[in-house]
Amino acid sequence: NNNNNNNNSNFLRPEDHCVELRNKFINHAFRSAQNVPPEKVQRKLNINQLKRNSGAVVPIRGLQLDEKNIGCIGKILVVLSYLLIFCLFPIALPFCLRVIQEYERAVIFRLGKLACEGAWGPGLCFFVPCLDEITVVDMRTLSFAVPPQEALTRDSVTVSVDAAVYFRISSPIASVCNVEDVEQSSRLLAQTTLRNIIGTRTLNELLGEREEISNAMQLVLDIATEPWGVVVERVEIKDVRLPASLQRAMAAEAEASREARAKEIAADGERNAAGALKDAADKMMQSPCSIQLRYLQTLTNIASGSGHNSTILFPVPMELLNLAHPPVNTQPVYQNLKPT
């Protein structure tokens with residue numbers, strides 16, 4: 001027993017060191033989430049996923065695989081169970097077989113210990129009903145919605161943010177042995193992570209940098225859930241809800257800015273129109289007949305735009321318009337007379 005205790009203590013020491021290093025890294029990621037470049041976060045996520053997809057083994061806390069280390073009583077129970085199954089072969093066969101789907105893996109415990117190093121499946125699985133306990137793990141991508149989390153941003157604004165997390169299980173044995181309920185634990189961890197990241201960002205960053213926030217949250221979750229055999233594939237920020245008073249204030253500010261911009265545009269248009277009218281007036285002053293032609297064109301437009309036949313009366317003779325303009329040749333007549 002003393003030797004077994006020493007072996008167990010030696011087996012757990014490296015893991016404790018790894019846990020301490022992992023916790024330090026997670027804390028550092030929380031503190032520097034807002035300063036991590038997006039390309040660096042994406043590169044780190046790709047590296048973690050490649051490591052897990054390559055078949056890296058996730059360490060199991062306190063696990064020592066030894067199929068023969070079940071004791072004498074365990075061996076006797078196994079022999080008796082096989083004899084009972086053999087005696088009741090036609091009847092006991094349906095209770096000893098289970099079909100494991102392509103997207104599932106079975107973790108088998110025999111007398112409380114793992115029966116094999118890896119998970120079983122897919123295919124037909126044989127087990128002893130009295131001694132074996134089977135836990136089926138779904139290997140497909142799962143998702144859950146993070147409830148709206150109310151927290152203060154870095155600039156002291158209360159916001160409510162919700163998100164969606166997509167994950168899958170890469171190590172069935174780790175997801176069964178290292179955590180009681182992997183989905184519930186991941187859900188609670190996602191809620192706390194979202195609240196911590198909200199506190200490190202300002203309101204403008206939450207509204208305009210959703211992709212960077214999602215990548216930072218995915219990085220933290222992926223590192224924290226690695227001992228559970230979980231790979232966080234994607235995190236999406238769904239909605240950022242603001243208080244009603246803040247929404248009204250922002251709407252009033254936006255409306256005031258739009259009205260100011262509209263007034264500036266109208267003033268620019270009037271200034272340009274005044275310049276164009278001044279240039280047109282200067283050109284008309286050079287030819288007095290152009291004013292009369294413009295007047296006739298205006299009357300034509302009025303007549304054509306009325307939509308029906310109309311009669312236009314000229315109560316004032318058109319020659320009187322010449323009195324409003326000085327003559328072109330303003331030289332005196334006596335200058336053209338020759339002395340006799």
# chains A, B, ... in the order shown; residues from 1 in each chain; ligands from 1
$ residues_around --residues "A:Arg168" --least-positions-apart "5" --cutoff "9 Å" --atoms "only C-alpha atoms" --output "list of chain:residue names"
A:Asp138, A:Met139, A:Arg140, A:Thr141, A:Leu142, A:Ser143, A:Gly229, A:Val230, A:Val231, A:Val232, A:Glu233
$ select_by_dssp --residues "stretch 186-270 of chain A" --states "strand (DSSP E)" --output "ChimeraX atom specification"
/A:230-241
$ write_last_selection --atoms "C-alpha atoms" --output "PDB file, in the first residue's frame"
ATOM      1  CA  VAL A 230     -12.947  19.516 -25.208  1.00  0.00           C
ATOM      2  CA  VAL A 231     -12.092  21.521 -28.327  1.00  0.00           C
ATOM      3  CA  VAL A 232     -13.826  24.905 -28.617  1.00  0.00           C
ATOM      4  CA  GLU A 233     -14.306  25.367 -32.353  1.00  0.00           C
ATOM      5  CA  ARG A 234     -16.121  28.698 -32.506  1.00  0.00           C
ATOM      6  CA  VAL A 235     -17.497  31.479 -30.319  1.00  0.00           C
ATOM      7  CA  GLU A 236     -19.889  34.095 -31.640  1.00  0.00           C
ATOM      8  CA  ILE A 237     -21.154  37.243 -29.890  1.00  0.00           C
ATOM      9  CA  LYS A 238     -24.882  37.318 -30.599  1.00  0.00           C
ATOM     10  CA  ASP A 239     -26.148  40.633 -29.258  1.00  0.00           C
ATOM     11  CA  VAL A 240     -25.043  43.598 -27.165  1.00  0.00           C
ATOM     12  CA  ARG A 241     -27.991  45.150 -25.319  1.00  0.00           C
TER      13      ARG A 241
END
$ select_by_dssp --residues "stretch 32-263 of chain A" --states "alpha helix (DSSP H)" --output "PyMOL selection string"
chain A and resi 38-53+71-87+89-96+172-177+182-199+203-208+210-224+244-263
$ atom_distance --atom1 "atom CA of A:Leu194" --atom2 "atom CA of A:Ile223"
14.7 Å
$ residues_around --residues "stretch 150-162 of chain A" --least-positions-apart "5" --cutoff "10 Å" --atoms "only C-alpha atoms" --output "PyMOL selection string"
chain A and resi 145+191+194-206+236-243+246
$ atom_distance --atom1 "atom CA of A:Glu212" --atom2 "atom CA of A:Leu188"
21.5 Å
$ closest_atom_pairs --of "stretch 113-209 of chain A" --to "stretch 69-79 of chain A" --cutoff "12 Å" --atoms "only C-alpha atoms" --output "CSV"
residue,atom,partner,partner_atom,distance
A:Lys113,CA,A:Ile70,CA,8.2
A:Leu114,CA,A:Ile70,CA,10.5
A:Ala115,CA,A:Ile70,CA,10.1
A:Phe127,CA,A:Val78,CA,11.0
A:Val128,CA,A:Val78,CA,8.3
A:Pro129,CA,A:Val78,CA,10.7
A:Cys130,CA,A:Leu77,CA,9.0
A:Leu131,CA,A:Val78,CA,7.4
A:Asp132,CA,A:Val78,CA,9.9
$ closest_residue --among "A:Arg105, A:Ala224, A:Glu264, A:Phe126" --to "A:Ala92" --atoms "only C-alpha atoms"
A:Phe126
